[in-house]
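I have placed the structure first, in the form of structure tokens, so that the comments after it can refer back to it.
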Number of protein chains: 2
Amino acid sequence: MEIQKPYLLFLGDAHDPLAAKVALGIKQWHPEYCAGQFRMKDCAADCGLTDMDIIQAKEAGVKTLVIGVANRGGVISEKWIDILKQALEAGMDLAAGLHNKLNDIAELKTLADTLGRKLFDVRFPTQSFPVANGLKRSGKRVLPVGTDCSCGKMYTSLAIEKEMLARGIKADFRATGQTGILISGSGVSVDAVVADFISGAVEVLTPENDADHWDIIEGQGSLFHPSFAGVTIGLIHGAQADALVLCHEPTRTHMRGLPTYPVPDLQTCMDTNLAMARLTNPDVRFVAISVNTSQLTEGEATEYLAGIEAQFGLPAVDPFREGVGRIVDQLEKI
Amino acid sequence: MEIQKPYLLFLGDAHDPLAAKVALGIKQWHPEYCAGQFRMKDCAADCGLTDMDIIQAKEAGVKTLVIGVANRGGVISEKWIDILKQALEAGMDLAAGLHNKLNDIAELKTLADTLGRKLFDVRFPTQSFPVANGLKRSGKRVLPVGTDCSCGKMYTSLAIEKEMLARGIKADFRATGQTGILISGSGVSVDAVVADFISGAVEVLTPENDADHWDIIEGQGSLFHPSFAGVTIGLIHGAQADALVLCHEPTRTHMRGLPTYPVPDLQTCMDTNLAMARLTNPDVRFVAISVNTSQLTEGEATEYLAGIEAQFGLPAVDPFREGVGRIVDQLEKI
């Protein structure tokens with residue numbers, strides 16, 4: 001799916017700033033995609049963009065209204081429907097990544113079909129994928145893998161893309177989850193693909209490319225997360241990564257959502273991911289460790305990063321505190 | 001899904017005996033489920049059951065017509081539709097495991113809805129599954145894992161169930177693919193589950209049970225098959241297996257369908273599967289090696305099995321040639 005830009009970011013009736021984190025992510029990584037924001041009365045979030053109503057957005061050339069907010073249930077709210085219909089009538093497509101589908105709301109679906117507008121439910125792939133063929137593809141690929149879910153893989157990927165583009169390196173972030181898809185405007189939500197086609201979907205998402213082109217593939221889950229490891233291994237096999245980046249959140253006491261499962265140690269995690277990744281690319285290597293140190297003081301973070309950098313002989317960075325320049329330095333050597 | 005018995009095995013217009021291999025499997029493992037067979041003119045297959053038309057099958061108390069044949073395209077053939085409609089009208093449900101769905105054929109769907117009959121498309125799960133929780137469940141579980149796809153995992157599982165039941169051990173074969181589901185009458189086609197829910201589906205399929213009860217879970221794919229490893233690891237994590245059986249076909253020169261991918265050596269395959277399986281059951285162990293020696297002479301098979309038995313210190317058996325008594329002996333020690 002390829003979502004047309006520019007966007008109007010819909011913040012709705014966000015009950016707090018965090019509820020609009022998808023919109024904030026889009027604004028952070030691609031401000032050039034964003035013509036403005038739409039806030040309903042009592043909206044508690046703000047992306048710092050020009051406030052627009054639908055008419056103003058149409059005049060500004062907006063192509064897609066992106067729902068960048070989640071209400072408490074994570075579904076499309078009935079209160080939003082009138083505004084979404086106005087956007088369709090003004091010529092815009094709609095995009096959302098919530099638990100229910102725009103396409104399942106009859107009045108939106110009917111109106112969109114009548115007007116020839118598109119409804120993007122980015123959490124739900126609409127494409128059919130082939131079974132993976134495992135054949136070597138040209139171009140280079142880097143994949144972040146994690147000790148756990150939600151420990152910085154998307155952030156790391158987006159930061160690498162930005163740094164590579166700034167250096168003039170040919171690079172594409174390849175989104176594999178709904179937030180990444182809305183941020184970048186395309187991708188496949190691989191955790192929603194049928195099990196037989198996970199690695200096949202990743203092969204399609206990161207096709208053959210120029211020999212000096214990098215795909216930065218958004219990682220998902222963890223081989224050590226018993227709920228989601230199937231998604232992770234499919235990503236690893238389909239990616240045929242040349243380089244892996246280990247992502248970690250050092251204060252987490254157990255795997256996300258599973259209090260009885262400890263977070264693996266970094267060495268075990270790296271060994272296991274390498275063993276799996278070598279199946280489809282025997283030359284794969286770890287190039288860096290990316291740590292989310294947001295729960296540490298600056299002093300603690302510096303000490304922690306220095307410790308693991310010495311232990312593993314790889315750059316260890318917090319991409320938020322210091323950027324990913326040292327990761328890209330490593331990738332440029334490949 | 002729970003398919004009602006007894007069955008009428010539909011062999012259709014099978015162009016050769018192998019085309020009816022699903023029906024042959026049902027007859028082999030559960031002759032007591034089979035009231036008879038239906039063969040169209042020119043059918044080249046025979047399960048050795050009483051030939052029946054729909055009226056005779058109804059009189060024999062048949063509850064479900066099972067499509068036990070695949071035509072060249074692997075889809076439900078138009079030539080079969082009139083007979084399938086007769087079966088619905090005679091009060092039978094229909095079950096199939098082909099690439100297209102009974103439920104997508106309008107005249108069958110409409111007739112079944114009108115008559116209150118069920119259409120089982122066993123390749124396509126209809127149930128929703130939770131995300132796996134990884135919590136320890138009571139009861140014992142054994143899972144066959146393979147060096148490759150299609151190397152004897154289902155056969156080994158069914159043979160273990162049969163041997164356990166013959167010994168008076170509480171045991172259930174848990175089908176994870178369409179043929180296994182049709183053979184046993186229930187199960188989940190895990191390769192068709194959405195990626196996020198693979199291990200969750202396996203947790204549901206093999207629920208808590210008596211402490212001395214065995215679930216024999218049908219294995220799928222291989223950790224070393226880059227197309228399907230996501231399914232395999234989800235099965236491994238969801239199974240929380242106490243025991244693994246390594247399945248192998250010793251004459252295969254490459255992974256099924258992928259000429260550039262070699263078959264892993266047995267030690268590597270066992271080490272990798274154990275490492276993955278320990279995540280959800282630290283006490284998991286290999287208890288045996290099950291080898292499909294159908295491509296070897298009896299002398300070669302005996303020599304091969306003796307060799308790996310000595311190498312790994314585990315019983316190595318061909319379940320077709322000698323049964324799985326020695327595997328069950330090992331399981332009885334757990």
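A note on labels: chains of the structure tokens are A, B, ... as shown, every chain counts residues from 1, and ligands are counted from 1 in their shown order.
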*Output as a PyMOL selection string the set of chain B residues within 10 Å of chain A, with distances taken over only C-alpha atoms.*
chain B and resi 130-136+190-200+221+223-238+240+257-262+264+272+275-277+279-280
*In segment 96-220 of chain B, what's helix (DSSP H, G or I) per DSSP? Answer as a count of residues only?*
48
*asked:* For segment 250-252 of chain A, find every residue with an atom within 12 Å (counting only C-alpha atoms), except residues of its own chain fewer than 4 positions away, and show them as an MDAnalysis selection string.
replied: chainID A and resid 146:152 256:259 261:266 289:297 300:301 304:305 308 318
Selected residues written out with C-alpha atoms, as a tab-separated table (two decimals), in the first residue's frame:
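The resulting file, again01.tsv, is reproduced below:
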```tsv
chain	number	residue	atom	x	y	z
A	146	GLY	CA	15.47	-7.09	19.94
A	147	THR	CA	15.89	-8.73	23.30
A	148	ASP	CA	12.15	-7.99	23.61
A	149	CYS	CA	9.25	-6.28	21.86
A	150	SER	CA	8.99	-2.47	22.03
A	151	CYS	CA	12.60	-1.72	22.83
A	152	GLY	CA	13.49	0.71	20.03
A	256	ARG	CA	6.69	-7.53	27.65
A	257	GLY	CA	3.37	-8.85	28.93
A	258	LEU	CA	4.89	-12.07	30.34
A	259	PRO	CA	6.04	-11.68	33.95
A	261	TYR	CA	9.77	-14.81	31.15
A	262	PRO	CA	13.11	-13.07	31.84
A	263	VAL	CA	14.78	-10.86	29.24
A	264	PRO	CA	17.67	-12.80	27.61
A	265	ASP	CA	21.24	-11.71	28.13
A	266	LEU	CA	22.75	-9.85	25.20
A	289	ILE	CA	23.90	-2.29	19.82
A	290	SER	CA	21.11	0.28	20.11
A	291	VAL	CA	19.93	0.92	23.64
A	292	ASN	CA	16.85	2.76	24.82
A	293	THR	CA	18.27	4.42	27.95
A	294	SER	CA	15.27	6.64	28.61
A	295	GLN	CA	14.82	5.08	32.05
A	296	LEU	CA	18.45	5.80	33.02
A	297	THR	CA	20.11	9.05	34.08
A	300	GLU	CA	23.98	5.73	34.14
A	301	ALA	CA	23.41	5.63	30.40
A	304	TYR	CA	26.03	1.28	30.67
A	305	LEU	CA	26.82	1.99	27.01
A	308	ILE	CA	28.59	-3.16	26.71
A	318	ASP	CA	21.27	5.40	22.38
```
*9 Å contact set for segment 6-22 of chain A, only C-alpha atoms, chain neighbours under 5 positions out, as JSON, numbers by chain*: {"A": [27, 32, 33, 34, 35, 36, 37, 38, 39, 40, 41, 42, 43, 44, 45, 46, 47, 49, 52, 54, 57, 60, 61, 62, 63, 64, 65, 66, 67, 68, 69, 70, 71, 72, 79, 80, 179, 180, 182, 183]}
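Coordinates place atom CA of Pro315 of chain B at a distance of 6.8 Å from atom CA of Ile327 of chain B.
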